[in-house]
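> Here's a structure for you.
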2 protein chains.
Amino acid sequence: MSRAVDRAELVEANAEFYAAFEAGDLDRMSAVWADGPYASGVTCVHPGWTRLRGRDEVLRSWALIMANTEYIQFVLTDVEADVYGEHAVVTCKENILTAEQGAGNGFLAGGSMIATNLFVRVDGGWRLLVHHGSPIMNDPEER
Amino acid sequence: MSRAVDRAELVEANAEFYAAFEAGDLDRMSAVWADGPYASGVTCVHPGWTRLRGRDEVLRSWALIMANTEYIQFVLTDVEADVYGEHAVVTCKENILTAEQGAGNGFLAGGSMIATNLFVRVDGGWRLLVHHGSPIMNDPEER
């Protein structure tokens with residue numbers, strides 16, 4: 001497989017993570033994350049949260065978050081994707097438009113997070129092993 | 001090399017990253033981070049910052065941060081270390097005691113961050129490729 005194809009599939013796998021969240025679809029979100037021998041090492045840091053570890057704990061958190069998100073949309077910018085053999089790192093800025101449940105009609109909030117996503121190659125596809133997201137409070141580009 | 005030795009060396013490499021920061025020693029910090037073919041993929045997210053990318057940009061940020069840190073001490077807890085062949089992931093809670101320059105004598109501040117550190121094996125040793133640190137604003141253990 002060429003490097004360009006490899007990288008394109010990686011960027012696509014990264015986009016599917018955010019699409020699964022936008023769709024609020026736990027089955028799609030479950031398919032994004034690594035399983036089997038990697039299940040115990042699955043790690044997720046939601047912005048402002050401490051670390052969650054293990055596939056079950058991480059997917060429970062996504063079920064909770066998606067149940068409490070009425071609407072969310074991501075525009076990913078500054079996407080950098082590096083393939084290192086069977087592992088790959090994607091970092092990107094998550095530009096978010098969201099509506100919280102019960103916030104009333106038409107209320108939307110925006111914000112920017114920065115994310116590090118570590119993928120592993122399993123059966124020819126990229127599965128998410130580690131996600132670390134955090135709020136950007138000090139962005140020199142926006143001063 | 002046995003798995004236990006492998007993991008012990010990884011935890012030691014992770015500790016050296018924080019020791020270099022505590023010592024304010026840019027040479028030690030430079031030695032911690034990956035170089036050569038990995039230099040362009042070196043990535044660092046300081047808590048609340050956006051992403052820095054490339055070995056030079058990342059090391060410049062450390063020079064700046066260390067020059068502006070009079071005193072800092074880390075106690076690492078909840079250290080989890082997973083070795084995946086030539087790559088390894090360490091996540092840990094950084095319990096920080098710090099003094100800011102010019103804050104007057106005896107003023108110390110504390111806080112907790114969560115960190116994801118991705119290492120690559122180079123010449124038999126572990127070098128840091130990605131660091132992502134973020135503030136913990138919502139820790140269920142501390143409620």
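Residue numbers start at 1 in each chain; chains themselves are named A, B, ... in the order of the structure tokens; ligands are numbered from 1 in the order shown.
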If we count only C-alpha atoms, which residues of chain B reach to within 9 Å of chain A? Please list them as a ChimeraX atom specification.

/B:41,43,45,47-51,80-82,87,89,91-93,113-116,118,130,132-140

> For the residues in the current selection, export N, CA and C atoms as a tab-separated table (two decimals), in the first residue's frame.


chain	number	residue	atom	x	y	z
B	41	GLY	N	7.88	15.04	13.21
B	41	GLY	CA	6.65	14.57	13.83
B	41	GLY	C	6.56	14.85	15.31
B	43	THR	N	5.65	16.40	18.55
B	43	THR	CA	4.44	17.18	18.81
B	43	THR	C	4.25	17.38	20.30
B	45	VAL	N	1.59	19.40	23.22
B	45	VAL	CA	0.50	20.28	23.66
B	45	VAL	C	0.70	20.56	25.13
B	47	PRO	N	-0.52	22.31	28.64
B	47	PRO	CA	-1.89	22.50	29.14
B	47	PRO	C	-2.47	23.87	28.74
B	48	GLY	N	-3.60	23.85	28.06
B	48	GLY	CA	-4.28	25.08	27.66
B	48	GLY	C	-3.76	25.70	26.38
B	49	TRP	N	-2.67	25.16	25.85
B	49	TRP	CA	-2.08	25.68	24.61
B	49	TRP	C	-2.64	24.92	23.42
B	50	THR	N	-2.37	25.48	22.25
B	50	THR	CA	-2.64	24.73	21.04
B	50	THR	C	-1.42	23.85	20.73
B	51	ARG	N	-1.46	23.14	19.62
B	51	ARG	CA	-0.40	22.18	19.31
B	51	ARG	C	0.88	22.86	18.80
B	80	GLU	N	0.32	4.66	33.93
B	80	GLU	CA	0.03	3.45	33.15
B	80	GLU	C	0.97	3.45	31.95
B	81	ALA	N	1.62	2.32	31.70
B	81	ALA	CA	2.61	2.25	30.62
B	81	ALA	C	2.34	1.00	29.79
B	82	ASP	N	2.13	1.21	28.50
B	82	ASP	CA	1.85	0.11	27.59
B	82	ASP	C	2.88	0.10	26.46
B	87	HIS	N	6.70	1.17	19.77
B	87	HIS	CA	6.03	2.35	20.31
B	87	HIS	C	5.52	2.05	21.71
B	89	VAL	N	3.01	3.88	25.08
B	89	VAL	CA	2.17	4.97	25.58
B	89	VAL	C	2.27	5.00	27.10
B	91	THR	N	0.52	7.14	30.24
B	91	THR	CA	-0.39	8.19	30.70
B	91	THR	C	-0.21	8.30	32.20
B	92	CYS	N	-0.31	9.52	32.71
B	92	CYS	CA	-0.14	9.72	34.15
B	92	CYS	C	-0.77	11.02	34.59
B	93	LYS	N	-1.02	11.09	35.88
B	93	LYS	CA	-1.49	12.33	36.47
B	93	LYS	C	-0.27	13.08	36.99
B	113	MET	N	-2.63	17.90	36.40
B	113	MET	CA	-2.78	17.79	34.95
B	113	MET	C	-2.82	16.30	34.61
B	114	ILE	N	-3.37	16.01	33.45
B	114	ILE	CA	-3.30	14.63	32.95
B	114	ILE	C	-2.47	14.66	31.66
B	115	ALA	N	-1.59	13.68	31.54
B	115	ALA	CA	-0.68	13.68	30.40
B	115	ALA	C	-0.72	12.36	29.64
B	116	THR	N	-0.63	12.48	28.32
B	116	THR	CA	-0.41	11.34	27.44
B	116	THR	C	0.95	11.52	26.79
B	118	LEU	N	3.68	9.68	24.20
B	118	LEU	CA	3.95	8.61	23.24
B	118	LEU	C	5.45	8.54	22.98
B	130	VAL	N	5.42	12.39	21.26
B	130	VAL	CA	4.25	13.24	21.47
B	130	VAL	C	3.99	13.40	22.97
B	132	HIS	N	1.04	15.34	25.36
B	132	HIS	CA	-0.20	16.13	25.42
B	132	HIS	C	-0.60	16.23	26.88
B	133	GLY	N	-0.54	17.44	27.42
B	133	GLY	CA	-0.92	17.67	28.81
B	133	GLY	C	-2.14	18.56	28.86
B	134	SER	N	-3.03	18.31	29.84
B	134	SER	CA	-4.22	19.16	29.94
B	134	SER	C	-4.70	19.24	31.38
B	135	PRO	N	-5.33	20.36	31.70
B	135	PRO	CA	-5.81	20.56	33.07
B	135	PRO	C	-6.99	19.65	33.38
B	136	ILE	N	-7.03	19.14	34.62
B	136	ILE	CA	-8.17	18.34	35.07
B	136	ILE	C	-9.14	19.29	35.77
B	137	MET	N	-10.30	19.48	35.16
B	137	MET	CA	-11.27	20.42	35.73
B	137	MET	C	-12.47	19.69	36.32
B	138	ASN	N	-12.50	18.38	36.11
B	138	ASN	CA	-13.69	17.62	36.46
B	138	ASN	C	-13.24	16.21	36.86
B	139	ASP	N	-12.73	16.09	38.10
B	139	ASP	CA	-12.18	14.81	38.55
B	139	ASP	C	-13.12	14.15	39.54
B	140	PRO	N	-13.81	13.07	39.07
B	140	PRO	CA	-14.79	12.41	39.95
B	140	PRO	C	-14.18	11.91	41.26

> Do a neighbour search on stretch 8-18 of chain B at 7 Å with only C-alpha atoms, toss out local chain neighbours closer than 4 positions, and write the hits as a ChimeraX atom specification.

/B:4,22,29,32,74,81,126

> Based on DSSP run over this structure's backbone, return all residues of stretch 2-137 of chain B in strand (DSSP E), as a PDB file with N, CA and C atoms, in the first residue's frame.


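Contents of out-v1.pdb, freshly written:
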ATOM      1  N   THR B  43       5.652  16.403  18.552  1.00  0.00           N
ATOM      2  CA  THR B  43       4.439  17.177  18.806  1.00  0.00           C
ATOM      3  C   THR B  43       4.251  17.376  20.301  1.00  0.00           C
ATOM      4  N   CYS B  44       3.848  18.592  20.690  1.00  0.00           N
ATOM      5  CA  CYS B  44       3.675  18.880  22.111  1.00  0.00           C
ATOM      6  C   CYS B  44       2.474  19.794  22.310  1.00  0.00           C
ATOM      7  N   VAL B  45       1.591  19.404  23.225  1.00  0.00           N
ATOM      8  CA  VAL B  45       0.500  20.277  23.656  1.00  0.00           C
ATOM      9  C   VAL B  45       0.698  20.565  25.131  1.00  0.00           C
ATOM     10  N   ARG B  51      -1.464  23.135  19.623  1.00  0.00           N
ATOM     11  CA  ARG B  51      -0.398  22.183  19.311  1.00  0.00           C
ATOM     12  C   ARG B  51       0.879  22.864  18.803  1.00  0.00           C
ATOM     13  N   LEU B  52       2.002  22.394  19.286  1.00  0.00           N
ATOM     14  CA  LEU B  52       3.295  22.777  18.721  1.00  0.00           C
ATOM     15  C   LEU B  52       3.830  21.561  17.984  1.00  0.00           C
ATOM     16  N   ARG B  53       4.474  21.804  16.857  1.00  0.00           N
ATOM     17  CA  ARG B  53       4.879  20.679  16.012  1.00  0.00           C
ATOM     18  C   ARG B  53       6.273  20.898  15.461  1.00  0.00           C
ATOM     19  N   THR B  69      10.105  29.512  34.804  1.00  0.00           N
ATOM     20  CA  THR B  69       9.672  28.701  35.936  1.00  0.00           C
ATOM     21  C   THR B  69      10.777  28.711  36.983  1.00  0.00           C
ATOM     22  N   GLU B  70      10.493  29.335  38.108  1.00  0.00           N
ATOM     23  CA  GLU B  70      11.504  29.430  39.166  1.00  0.00           C
ATOM     24  C   GLU B  70      11.668  28.077  39.861  1.00  0.00           C
ATOM     25  N   TYR B  71      10.552  27.440  40.111  1.00  0.00           N
ATOM     26  CA  TYR B  71      10.564  26.175  40.836  1.00  0.00           C
ATOM     27  C   TYR B  71       9.374  25.351  40.394  1.00  0.00           C
ATOM     28  N   ILE B  72       9.625  24.083  40.098  1.00  0.00           N
ATOM     29  CA  ILE B  72       8.493  23.191  39.813  1.00  0.00           C
ATOM     30  C   ILE B  72       8.851  21.783  40.243  1.00  0.00           C
ATOM     31  N   GLN B  73       7.870  21.112  40.818  1.00  0.00           N
ATOM     32  CA  GLN B  73       8.092  19.743  41.263  1.00  0.00           C
ATOM     33  C   GLN B  73       6.887  18.901  40.864  1.00  0.00           C
ATOM     34  N   PHE B  74       7.167  17.721  40.331  1.00  0.00           N
ATOM     35  CA  PHE B  74       6.104  16.817  39.906  1.00  0.00           C
ATOM     36  C   PHE B  74       6.047  15.594  40.808  1.00  0.00           C
ATOM     37  N   VAL B  75       4.855  15.221  41.192  1.00  0.00           N
ATOM     38  CA  VAL B  75       4.638  13.892  41.745  1.00  0.00           C
ATOM     39  C   VAL B  75       3.686  13.199  40.775  1.00  0.00           C
ATOM     40  N   LEU B  76       4.187  12.136  40.142  1.00  0.00           N
ATOM     41  CA  LEU B  76       3.380  11.415  39.158  1.00  0.00           C
ATOM     42  C   LEU B  76       2.583  10.317  39.836  1.00  0.00           C
ATOM     43  N   THR B  77       1.291  10.273  39.548  1.00  0.00           N
ATOM     44  CA  THR B  77       0.461   9.185  40.072  1.00  0.00           C
ATOM     45  C   THR B  77      -0.329   8.570  38.920  1.00  0.00           C
ATOM     46  N   ASP B  78      -0.963   7.429  39.212  1.00  0.00           N
ATOM     47  CA  ASP B  78      -1.786   6.745  38.205  1.00  0.00           C
ATOM     48  C   ASP B  78      -1.006   6.505  36.907  1.00  0.00           C
ATOM     49  N   VAL B  79       0.265   6.134  37.039  1.00  0.00           N
ATOM     50  CA  VAL B  79       1.097   5.914  35.847  1.00  0.00           C
ATOM     51  C   VAL B  79       0.714   4.583  35.192  1.00  0.00           C
ATOM     52  N   GLU B  80       0.323   4.661  33.929  1.00  0.00           N
ATOM     53  CA  GLU B  80       0.030   3.450  33.150  1.00  0.00           C
ATOM     54  C   GLU B  80       0.969   3.449  31.949  1.00  0.00           C
ATOM     55  N   ALA B  81       1.621   2.323  31.704  1.00  0.00           N
ATOM     56  CA  ALA B  81       2.610   2.248  30.623  1.00  0.00           C
ATOM     57  C   ALA B  81       2.340   0.998  29.791  1.00  0.00           C
ATOM     58  N   ASP B  82       2.130   1.213  28.499  1.00  0.00           N
ATOM     59  CA  ASP B  82       1.852   0.110  27.588  1.00  0.00           C
ATOM     60  C   ASP B  82       2.881   0.095  26.463  1.00  0.00           C
ATOM     61  N   VAL B  83       3.538  -1.031  26.296  1.00  0.00           N
ATOM     62  CA  VAL B  83       4.520  -1.178  25.227  1.00  0.00           C
ATOM     63  C   VAL B  83       3.872  -1.914  24.058  1.00  0.00           C
ATOM     64  N   TYR B  84       3.961  -1.320  22.857  1.00  0.00           N
ATOM     65  CA  TYR B  84       3.460  -1.943  21.625  1.00  0.00           C
ATOM     66  C   TYR B  84       4.623  -2.024  20.653  1.00  0.00           C
ATOM     67  N   HIS B  87       6.699   1.170  19.767  1.00  0.00           N
ATOM     68  CA  HIS B  87       6.032   2.352  20.307  1.00  0.00           C
ATOM     69  C   HIS B  87       5.525   2.049  21.707  1.00  0.00           C
ATOM     70  N   ALA B  88       5.306   3.085  22.479  1.00  0.00           N
ATOM     71  CA  ALA B  88       4.808   2.884  23.832  1.00  0.00           C
ATOM     72  C   ALA B  88       4.044   4.121  24.278  1.00  0.00           C
ATOM     73  N   VAL B  89       3.014   3.884  25.078  1.00  0.00           N
ATOM     74  CA  VAL B  89       2.174   4.971  25.577  1.00  0.00           C
ATOM     75  C   VAL B  89       2.271   4.997  27.096  1.00  0.00           C
ATOM     76  N   VAL B  90       2.572   6.167  27.649  1.00  0.00           N
ATOM     77  CA  VAL B  90       2.502   6.359  29.095  1.00  0.00           C
ATOM     78  C   VAL B  90       1.466   7.440  29.365  1.00  0.00           C
ATOM     79  N   THR B  91       0.518   7.144  30.236  1.00  0.00           N
ATOM     80  CA  THR B  91      -0.389   8.191  30.699  1.00  0.00           C
ATOM     81  C   THR B  91      -0.214   8.300  32.204  1.00  0.00           C
ATOM     82  N   CYS B  92      -0.310   9.520  32.714  1.00  0.00           N
ATOM     83  CA  CYS B  92      -0.136   9.721  34.152  1.00  0.00           C
ATOM     84  C   CYS B  92      -0.771  11.023  34.587  1.00  0.00           C
ATOM     85  N   LYS B  93      -1.020  11.089  35.884  1.00  0.00           N
ATOM     86  CA  LYS B  93      -1.490  12.330  36.466  1.00  0.00           C
ATOM     87  C   LYS B  93      -0.270  13.083  36.992  1.00  0.00           C
ATOM     88  N   GLU B  94      -0.150  14.350  36.592  1.00  0.00           N
ATOM     89  CA  GLU B  94       0.956  15.197  37.042  1.00  0.00           C
ATOM     90  C   GLU B  94       0.455  16.056  38.200  1.00  0.00           C
ATOM     91  N   ASN B  95       0.905  15.733  39.393  1.00  0.00           N
ATOM     92  CA  ASN B  95       0.560  16.555  40.556  1.00  0.00           C
ATOM     93  C   ASN B  95       1.698  17.549  40.751  1.00  0.00           C
ATOM     94  N   ILE B  96       1.364  18.821  40.590  1.00  0.00           N
ATOM     95  CA  ILE B  96       2.384  19.851  40.420  1.00  0.00           C
ATOM     96  C   ILE B  96       2.417  20.825  41.584  1.00  0.00           C
ATOM     97  N   LEU B  97       3.634  21.117  42.025  1.00  0.00           N
ATOM     98  CA  LEU B  97       3.865  22.185  42.993  1.00  0.00           C
ATOM     99  C   LEU B  97       4.805  23.154  42.294  1.00  0.00           C
ATOM    100  N   THR B  98       4.400  24.411  42.197  1.00  0.00           N
ATOM    101  CA  THR B  98       5.212  25.346  41.417  1.00  0.00           C
ATOM    102  C   THR B  98       5.285  26.722  42.066  1.00  0.00           C
ATOM    103  N   ALA B  99       6.309  27.464  41.705  1.00  0.00           N
ATOM    104  CA  ALA B  99       6.419  28.869  42.101  1.00  0.00           C
ATOM    105  C   ALA B  99       6.643  29.662  40.833  1.00  0.00           C
ATOM    106  N   GLU B 100       5.859  30.702  40.623  1.00  0.00           N
ATOM    107  CA  GLU B 100       6.062  31.518  39.431  1.00  0.00           C
ATOM    108  C   GLU B 100       7.056  32.624  39.722  1.00  0.00           C
ATOM    109  N   ALA B 109       2.050  27.316  44.148  1.00  0.00           N
ATOM    110  CA  ALA B 109       0.730  26.936  43.647  1.00  0.00           C
ATOM    111  C   ALA B 109       0.747  25.461  43.283  1.00  0.00           C
ATOM    112  N   GLY B 110      -0.393  24.826  43.395  1.00  0.00           N
ATOM    113  CA  GLY B 110      -0.475  23.411  43.064  1.00  0.00           C
ATOM    114  C   GLY B 110      -1.551  23.178  42.029  1.00  0.00           C
ATOM    115  N   GLY B 111      -1.547  22.001  41.449  1.00  0.00           N
ATOM    116  CA  GLY B 111      -2.570  21.681  40.472  1.00  0.00           C
ATOM    117  C   GLY B 111      -2.354  20.290  39.928  1.00  0.00           C
ATOM    118  N   SER B 112      -3.355  19.792  39.239  1.00  0.00           N
ATOM    119  CA  SER B 112      -3.228  18.463  38.635  1.00  0.00           C
ATOM    120  C   SER B 112      -3.500  18.534  37.149  1.00  0.00           C
ATOM    121  N   MET B 113      -2.632  17.895  36.396  1.00  0.00           N
ATOM    122  CA  MET B 113      -2.783  17.788  34.951  1.00  0.00           C
ATOM    123  C   MET B 113      -2.820  16.300  34.614  1.00  0.00           C
ATOM    124  N   ILE B 114      -3.369  16.006  33.446  1.00  0.00           N
ATOM    125  CA  ILE B 114      -3.303  14.634  32.946  1.00  0.00           C
ATOM    126  C   ILE B 114      -2.471  14.657  31.662  1.00  0.00           C
ATOM    127  N   ALA B 115      -1.588  13.677  31.536  1.00  0.00           N
ATOM    128  CA  ALA B 115      -0.679  13.677  30.395  1.00  0.00           C
ATOM    129  C   ALA B 115      -0.718  12.362  29.640  1.00  0.00           C
ATOM    130  N   THR B 116      -0.625  12.478  28.322  1.00  0.00           N
ATOM    131  CA  THR B 116      -0.412  11.338  27.443  1.00  0.00           C
ATOM    132  C   THR B 116       0.952  11.524  26.785  1.00  0.00           C
ATOM    133  N   ASN B 117       1.818  10.554  26.942  1.00  0.00           N
ATOM    134  CA  ASN B 117       3.165  10.619  26.370  1.00  0.00           C
ATOM    135  C   ASN B 117       3.395   9.409  25.469  1.00  0.00           C
ATOM    136  N   LEU B 118       3.684   9.684  24.201  1.00  0.00           N
ATOM    137  CA  LEU B 118       3.952   8.611  23.238  1.00  0.00           C
ATOM    138  C   LEU B 118       5.453   8.539  22.982  1.00  0.00           C
ATOM    139  N   PHE B 119       6.012   7.359  23.205  1.00  0.00           N
ATOM    140  CA  PHE B 119       7.450   7.148  23.019  1.00  0.00           C
ATOM    141  C   PHE B 119       7.712   6.237  21.824  1.00  0.00           C
ATOM    142  N   VAL B 120       8.889   6.416  21.206  1.00  0.00           N
ATOM    143  CA  VAL B 120       9.359   5.489  20.174  1.00  0.00           C
ATOM    144  C   VAL B 120      10.700   4.926  20.630  1.00  0.00           C
ATOM    145  N   ARG B 121      10.955   3.675  20.239  1.00  0.00           N
ATOM    146  CA  ARG B 121      12.217   3.043  20.604  1.00  0.00           C
ATOM    147  C   ARG B 121      13.269   3.412  19.554  1.00  0.00           C
ATOM    148  N   VAL B 122      14.329   4.037  19.980  1.00  0.00           N
ATOM    149  CA  VAL B 122      15.422   4.434  19.086  1.00  0.00           C
ATOM    150  C   VAL B 122      16.729   3.944  19.702  1.00  0.00           C
ATOM    151  N   GLY B 125      16.654   2.675  23.230  1.00  0.00           N
ATOM    152  CA  GLY B 125      16.113   3.522  24.304  1.00  0.00           C
ATOM    153  C   GLY B 125      14.791   4.147  23.896  1.00  0.00           C
ATOM    154  N   TRP B 126      14.059   4.681  24.844  1.00  0.00           N
ATOM    155  CA  TRP B 126      12.761   5.299  24.559  1.00  0.00           C
ATOM    156  C   TRP B 126      12.905   6.806  24.434  1.00  0.00           C
ATOM    157  N   ARG B 127      12.441   7.348  23.303  1.00  0.00           N
ATOM    158  CA  ARG B 127      12.469   8.802  23.086  1.00  0.00           C
ATOM    159  C   ARG B 127      11.039   9.308  22.928  1.00  0.00           C
ATOM    160  N   LEU B 128      10.801  10.508  23.451  1.00  0.00           N
ATOM    161  CA  LEU B 128       9.457  11.081  23.455  1.00  0.00           C
ATOM    162  C   LEU B 128       9.104  11.654  22.080  1.00  0.00           C
ATOM    163  N   LEU B 129       7.954  11.249  21.529  1.00  0.00           N
ATOM    164  CA  LEU B 129       7.516  11.721  20.214  1.00  0.00           C
ATOM    165  C   LEU B 129       6.351  12.699  20.353  1.00  0.00           C
ATOM    166  N   VAL B 130       5.423  12.387  21.261  1.00  0.00           N
ATOM    167  CA  VAL B 130       4.251  13.243  21.472  1.00  0.00           C
ATOM    168  C   VAL B 130       3.988  13.398  22.971  1.00  0.00           C
ATOM    169  N   HIS B 131       3.811  14.647  23.405  1.00  0.00           N
ATOM    170  CA  HIS B 131       3.338  14.922  24.768  1.00  0.00           C
ATOM    171  C   HIS B 131       2.081  15.768  24.668  1.00  0.00           C
ATOM    172  N   HIS B 132       1.041  15.338  25.362  1.00  0.00           N
ATOM    173  CA  HIS B 132      -0.199  16.128  25.424  1.00  0.00           C
ATOM    174  C   HIS B 132      -0.597  16.229  26.884  1.00  0.00           C
ATOM    175  N   GLY B 133      -0.535  17.439  27.420  1.00  0.00           N
ATOM    176  CA  GLY B 133      -0.924  17.665  28.810  1.00  0.00           C
ATOM    177  C   GLY B 133      -2.141  18.560  28.861  1.00  0.00           C
ATOM    178  N   SER B 134      -3.028  18.311  29.845  1.00  0.00           N
ATOM    179  CA  SER B 134      -4.222  19.160  29.940  1.00  0.00           C
ATOM    180  C   SER B 134      -4.699  19.244  31.378  1.00  0.00           C
ATOM    181  N   PRO B 135      -5.330  20.365  31.700  1.00  0.00           N
ATOM    182  CA  PRO B 135      -5.810  20.561  33.068  1.00  0.00           C
ATOM    183  C   PRO B 135      -6.994  19.648  33.384  1.00  0.00           C
TER     184      PRO B 135
END

> What gap, in Å, lies between atom CA of A:Val42 and atom CA of B:Gly124?

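Between these atoms lies a distance of 25.3 Å.
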
> What separation in Å, quoted to one decimal, exists between atom CA of B:Arg28 and atom CA of B:Arg7?

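If I compute the distance from atom CA of B:Arg28 to atom CA of B:Arg7, I get 21.0 Å.
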
> Let's see if you can do this: from backbone DSSP, list all alpha helix (DSSP H) residues in chain B, as a PyMOL selection string.

chain B and resi 3-23+26-32+55-67

> What is the distance between atom CA of A:Ala39 and atom CA of A:Ala63, in Å to one decimal?

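So the answer is 17.0 Å.
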